[in-house]
Each structure stands twice: as structure tokens, then as C-alpha cells.
$ cat model.cif   # mmCIF, C-alpha atoms
data_input
#
loop_
_atom_site.label_atom_id
_atom_site.label_comp_id
_atom_site.auth_asym_id
_atom_site.auth_seq_id
_atom_site.Cartn_x
_atom_site.Cartn_y
_atom_site.Cartn_z
CA MET B 13 86.18 96.91 93.70
CA GLY B 14 89.73 95.64 93.18
CA ASN B 15 91.62 93.39 90.77
CA LEU B 16 95.12 92.10 90.11
CA VAL B 17 97.33 93.81 87.54
CA GLN B 18 100.89 93.08 86.43
CA LEU B 19 103.51 95.76 87.05
CA THR B 20 106.96 95.90 85.47
CA SER B 21 109.82 97.41 87.44
CA LEU B 22 112.75 99.30 85.92
CA ASP B 23 114.85 96.11 85.92
CA ALA B 24 112.07 94.32 83.95
CA THR B 25 110.85 92.23 86.89
CA VAL B 26 107.11 91.57 86.52
CA SER B 27 105.06 91.32 89.71
CA PRO B 28 101.35 91.44 90.53
CA ALA B 29 99.61 94.18 92.48
CA TRP B 30 96.11 94.52 93.84
CA VAL B 31 94.54 97.71 92.47
CA ALA B 32 91.33 99.11 93.94
CA ARG B 33 89.64 102.06 92.23
CA PRO B 34 86.92 104.35 93.55
CA ASP B 35 83.45 104.05 92.06
CA GLY B 36 83.29 107.83 91.87
CA PRO B 37 85.81 110.63 91.31
CA VAL B 38 89.45 109.93 92.17
CA ARG B 39 90.80 112.19 94.91
CA GLY B 40 94.34 110.83 95.01
CA ALA B 41 96.36 107.62 95.09
CA VAL B 42 97.96 105.49 97.82
CA VAL B 43 100.42 102.60 97.59
CA VAL B 44 99.69 99.94 100.24
CA LEU B 45 102.62 97.87 101.50
CA GLN B 46 102.02 94.41 102.91
CA GLU B 47 102.95 92.75 106.18
CA ILE B 48 105.08 89.59 106.07
CA PHE B 49 101.91 87.71 105.10
CA GLY B 50 101.76 88.88 101.50
CA VAL B 51 98.97 90.67 99.66
CA ASN B 52 96.39 88.76 101.65
CA ALA B 53 92.76 89.47 102.50
CA HIS B 54 93.69 92.11 105.07
CA ILE B 55 95.88 94.11 102.69
CA ARG B 56 93.30 93.88 99.92
CA ALA B 57 90.65 95.09 102.38
CA VAL B 58 92.83 98.08 103.31
CA ALA B 59 93.13 98.93 99.62
CA ASP B 60 89.40 98.54 99.09
CA ARG B 61 88.62 100.81 102.04
CA LEU B 62 90.92 103.49 100.67
CA ALA B 63 89.13 103.21 97.32
CA ALA B 64 85.82 103.69 99.11
CA ARG B 65 87.24 107.02 100.38
CA GLY B 66 88.13 108.13 96.86
CA PHE B 67 91.76 107.01 96.64
CA VAL B 68 93.14 104.68 93.99
CA ALA B 69 95.02 102.04 96.02
CA VAL B 70 97.87 99.90 94.64
CA ALA B 71 99.22 97.02 96.77
CA PRO B 72 102.33 95.48 95.17
CA ALA B 73 103.45 91.92 95.92
CA LEU B 74 106.78 92.58 97.63
CA PHE B 75 107.85 88.94 97.91
CA THR B 76 107.87 88.36 94.13
CA ARG B 77 111.67 88.12 93.94
CA VAL B 78 111.79 85.36 96.57
CA GLN B 79 108.42 83.61 96.13
CA ALA B 80 105.41 84.24 93.91
CA ASP B 81 101.77 84.41 95.00
CA VAL B 82 102.27 84.71 98.76
CA ASN B 83 98.93 84.85 100.57
CA LEU B 84 99.27 83.82 104.21
CA GLY B 85 97.03 83.80 107.26
CA TYR B 86 97.93 84.62 110.85
CA GLY B 87 98.44 81.18 112.40
CA ASP B 88 101.79 80.00 113.74
CA ALA B 89 102.75 78.02 110.64
CA ASP B 90 102.00 80.89 108.28
CA ARG B 91 103.79 83.30 110.59
CA ALA B 92 106.92 81.13 110.40
CA LYS B 93 106.68 81.16 106.60
CA GLY B 94 106.30 84.93 106.60
CA VAL B 95 109.31 85.42 108.85
CA ALA B 96 111.44 83.28 106.50
CA LEU B 97 110.21 85.16 103.44
CA LYS B 98 110.96 88.49 105.07
CA ALA B 99 114.50 87.34 105.88
CA ALA B 100 114.99 86.24 102.27
CA ALA B 101 113.64 89.53 100.94
CA GLU B 102 115.80 91.59 103.30
CA ALA B 103 118.83 89.58 102.11
CA LEU B 104 118.27 90.61 98.48
CA PRO B 105 121.00 92.82 97.04
CA GLU B 106 120.33 96.54 96.98
CA PRO B 107 117.87 98.03 96.30
CA GLY B 108 115.88 95.04 97.60
CA VAL B 109 112.16 95.31 96.92
CA LEU B 110 112.29 99.03 96.18
CA PRO B 111 111.80 98.50 92.40
CA GLU B 112 108.38 96.94 93.06
CA ILE B 113 107.45 99.93 95.21
CA GLU B 114 108.65 102.34 92.51
CA ALA B 115 106.56 100.52 89.90
CA ALA B 116 103.50 100.74 92.15
CA ILE B 117 104.07 104.47 92.70
CA ALA B 118 104.35 105.06 88.96
CA HIS B 119 101.17 103.09 88.30
CA ALA B 120 99.32 104.95 91.04
CA ALA B 121 100.55 108.35 89.84
CA ALA B 122 99.19 107.67 86.36
CA LEU B 123 95.73 107.13 87.85
CA ALA B 124 95.69 110.10 90.26
CA PRO B 125 94.72 113.69 89.50
CA GLY B 126 97.89 115.74 89.56
CA GLY B 127 99.95 112.57 90.09
CA LYS B 128 100.08 112.90 93.89
CA VAL B 129 100.79 109.58 95.60
CA GLY B 130 100.93 108.59 99.25
CA ILE B 131 102.13 105.36 100.78
CA VAL B 132 100.98 103.33 103.78
CA GLY B 133 102.63 100.21 105.15
CA PHE B 134 102.06 97.74 107.96
CA CYS B 135 104.72 95.88 109.98
CA TRP B 136 107.45 95.02 107.43
CA GLY B 137 105.55 97.20 104.97
CA GLY B 138 105.69 100.02 107.52
CA LEU B 139 109.47 99.79 107.45
CA TRP B 140 109.47 99.91 103.65
CA ALA B 141 107.04 102.83 103.65
CA TRP B 142 109.59 104.67 105.80
CA ARG B 143 112.47 103.70 103.51
CA ALA B 144 110.47 104.78 100.47
CA ALA B 145 109.62 108.11 102.11
CA CYS B 146 113.34 108.68 102.69
CA THR B 147 114.47 107.48 99.26
CA LEU B 148 111.88 108.10 96.55
CA PRO B 149 111.05 111.66 95.44
CA GLY B 150 107.70 110.65 93.91
CA LEU B 151 105.80 110.50 97.22
CA SER B 152 103.72 113.27 98.76
CA ALA B 153 102.95 111.58 102.12
CA ALA B 154 103.72 108.39 104.04
CA ALA B 155 101.97 106.56 106.87
CA CYS B 156 103.86 103.84 108.74
CA TYR B 157 102.08 101.37 111.02
CA TYR B 158 104.27 99.59 113.61
CA GLY B 159 107.20 99.43 111.20
CA GLY B 160 109.54 96.77 112.51
CA GLY B 161 113.11 98.07 112.26
CA MET B 162 112.16 101.74 111.93
CA THR B 163 113.61 102.51 115.34
CA THR B 164 117.10 101.10 114.69
CA PRO B 165 119.96 103.63 114.53
CA LEU B 166 120.31 103.10 110.77
CA GLU B 167 116.68 103.88 110.06
CA MET B 168 116.50 106.72 112.57
CA GLY B 169 119.38 108.33 110.73
CA ARG B 170 117.40 108.65 107.49
CA GLN B 171 115.70 111.87 106.46
CA PRO B 172 112.21 111.72 104.90
CA LEU B 173 111.56 113.56 101.64
CA CYS B 174 107.83 113.93 102.34
CA PRO B 175 105.56 114.35 105.39
CA VAL B 176 105.32 111.19 107.52
CA VAL B 177 102.93 109.95 110.19
CA ALA B 178 103.86 106.87 112.25
CA HIS B 179 101.66 104.67 114.45
CA PHE B 180 103.05 102.40 117.19
CA GLY B 181 101.58 100.30 120.00
CA ARG B 182 102.67 100.72 123.62
CA ARG B 183 102.35 96.97 124.20
CA ASP B 184 104.32 96.00 121.09
CA ALA B 185 106.97 93.51 122.22
CA HIS B 186 108.80 93.93 118.89
CA ILE B 187 109.15 97.73 119.12
CA PRO B 188 109.81 98.97 122.68
CA VAL B 189 108.29 102.29 123.71
CA ASP B 190 111.69 103.75 124.60
CA ALA B 191 112.84 103.05 121.01
CA VAL B 192 109.74 104.81 119.67
CA GLN B 193 110.51 107.80 121.89
CA LEU B 194 114.09 107.93 120.59
CA PHE B 195 112.74 107.80 117.04
CA ALA B 196 110.37 110.68 117.79
CA GLN B 197 113.24 112.73 119.24
CA ALA B 198 115.42 112.05 116.20
CA GLN B 199 112.60 112.73 113.73
CA LYS B 200 110.92 115.83 115.13
CA HIS B 201 109.03 116.54 111.87
CA VAL B 202 107.41 113.08 111.88
CA GLN B 203 103.99 112.82 113.54
CA VAL B 204 104.47 109.92 115.97
CA HIS B 205 101.43 108.42 117.71
CA LEU B 206 101.39 105.76 120.44
CA TYR B 207 98.32 103.63 121.14
CA ASP B 208 97.45 101.38 124.07
CA ALA B 209 97.68 98.37 121.79
CA ASP B 210 99.90 95.53 120.59
CA HIS B 211 101.76 94.91 117.34
CA GLY B 212 99.33 94.42 114.46
CA PHE B 213 96.52 96.33 116.16
CA ASN B 214 95.09 97.53 112.83
CA CYS B 215 94.36 94.04 111.46
CA ASP B 216 90.95 92.66 112.36
CA GLN B 217 92.14 89.17 111.41
CA ARG B 218 94.73 89.09 114.19
CA ALA B 219 94.27 88.42 117.88
CA ALA B 220 96.05 91.72 118.54
CA TYR B 221 93.33 93.73 116.78
CA ASP B 222 92.25 96.74 118.81
CA GLU B 223 89.21 98.45 117.32
CA ALA B 224 89.53 101.76 119.16
CA SER B 225 93.20 102.14 118.26
CA ALA B 226 92.63 101.02 114.68
CA LEU B 227 89.84 103.54 114.16
CA GLN B 228 91.80 106.39 115.71
CA ALA B 229 94.88 105.59 113.60
CA ARG B 230 92.70 105.24 110.49
CA ASP B 231 91.09 108.64 111.05
CA ARG B 232 94.48 110.26 111.57
CA THR B 233 95.88 108.61 108.45
CA LEU B 234 92.92 109.61 106.29
CA ALA B 235 93.09 113.20 107.53
CA PHE B 236 96.83 113.16 106.78
CA PHE B 237 96.22 111.92 103.24
CA ASP B 238 93.40 114.42 102.75
CA GLN B 239 95.83 117.18 103.70
CA HIS B 240 98.71 116.11 101.48
CA LEU B 241 97.13 114.28 98.53
CA THR B 242 93.92 116.14 97.69
#
$ encode --input "model.cif" --output "C-alpha cells"
Amino acid sequence: MGNLVQLTSLDATVSPAWVARPDGPVRGAVVVLQEIFGVNAHIRAVADRLAARGFVAVAPALFTRVQADVNLGYGDADRAKGVALKAAAEALPEPGVLPEIEAAIAHAAALAPGGKVGIVGFCWGGLWAWRAACTLPGLSAAACYYGGGMTTPLEMGRQPLCPVVAHFGRRDAHIPVDAVQLFAQAQKHVQVHLYDADHGFNCDQRAAYDEASALQARDRTLAFFDQHLT
């Protein structure tokens, strides 16, 4: 269902993206932002599932500027690599990896009826989905899954330019519940959902996978995209 394409950002950086297209009519488009593990099997599967629901899905490789072809698993060694890559990417000069996200949005918009594009991100990608929602005018909806860093004062001070839904786990050691509650208070127009789950609960390749929470969050996200993209 999906294949790799090469996208060119406004500063002429070329990076790959996984693009999954529906077999039938296209209902809209969604940009999928990776965890710290790259555009791996999980992220490609998310894109493919969105395509099965009628959405063109574009998953850009956000580590291109620090390392090409990142495709990591969820063991300790790969996790350490991902943490280092994230630190390197976050240390990039402004605007960081935003040009890759902009290129993915433009590519998705060209494939969607009416040009409406949503964005969904997981972990580090959840943070960048939030930043994109607050920075880029080309988005119609954003869904953020356990976005690490979203609940810092800097990020809570941003204002989204499109509707946003955010999913967090109550047992997430990286994002305390009280920080999520402060985020919800600061961002009253954001739909904030808490699940009895850990960080990474959406990924069925991680020990933290929680099927009930993943399915509930998926249904809410799809309904959200149906509302704002179709």
C-alpha cells in the first residue's frame, strides 16, 4: 500500500517519506510524525492503516539532517540510539526539522481533495505535531500522542492554529498527570484525553502497548479527522 518518495524542503534538503495511498477514493490527507525510532515498521503501519480508512498518509523522515535511513526497534540499544538522535535533532538551529514537516504537508495537500491536511505524531513526533499545529497555517487538524515536552511552560504557552486532540497515559513516567492537567487548563480548546496506560501505549511493538487504550484513542482520532478533514 505504501512506498518511499523523496521530498525537497524549501531549503533544498532532500529527505525520504513513506507515502501510503488508499485503494479507493481519497477522503483527506494526514502527515504522520515518527517517534525517536525513525520511520520504522510501526510508523509505516500507522500510515497504512490511515490509507485503509481513505486518507493519504505521508510519514517524513525527521532525522535526515542528523542521520539518514533511521529505522530502529524498541530494545535498549536502539532506544539509546534514538535518544541521541533526538538530542541531535533538537539541537539543530531553528527551525529544526520543521522544513521536512512543511514538505510533507505540501506533498499531502497536493494529493488530498480540497487540500485539507491533518497531522498525527507519537512521542517526539507528538511534540512536533503540536509545534506544527501552532506554527504552520496549512493544517486543518492535529492529533498528538504522548508528546514528550508538550507540557513544558514554553510549549504550553503556544497557541494552536487548528483544532487539536491530545492523548496521554496516566502511568507515563515521562509526562506526569499533573503536567497534563496544567496543559489542559492552559489549552482549554484542546481535547485532552487521559488513558490508564503507559508511554507508547499505541505501539503494538512495545511492551507498553495497551490495546483498549490504543483502540479508544484511534477511534477518537479518526472521528476527529473525519470531522475536520472530510
$ closest_residue --input "model.cif" --among "B:His205, B:Arg170, B:Tyr86, B:Asp81" --to "Gln217 of chain B" --atoms "only C-alpha atoms"
B:Tyr86
$ atom_distance --input "model.cif" --atom1 "atom CA of Glu106 of chain B" --atom2 "atom CA of Ala141 of chain B"
16.1 Å
$ resolve_selection --input "model.cif" --expression "the PyMOL selection byres ((chain B and resi 149) around 12)" --output "count of residues only"
22
$ residues_near_point --input "model.cif" --point "(100.3, 91.3, 120.2)" --cutoff "8 Å" --atoms "all atoms listed in the file" --output "list of chain:residue names"
B:Arg183, B:Asp184, B:Ala185, B:Ala209, B:Asp210, B:His211, B:Gly212, B:Phe213, B:Ala219, B:Ala220
$ closest_residue --input "model.cif" --among "B:Ala115, B:Val70, B:Ala120, B:Ala41" --to "Asp238 of chain B" --atoms "only C-alpha atoms"
B:Ala41
$ residues_around --input "model.cif" --residues "Ala191 of chain B" --least-positions-apart "5" --cutoff "12 Å" --atoms "only C-alpha atoms" --output "number ranges by chain"
B: 158-165, 167-168, 180-182, 184-186, 196-198, 204, 206
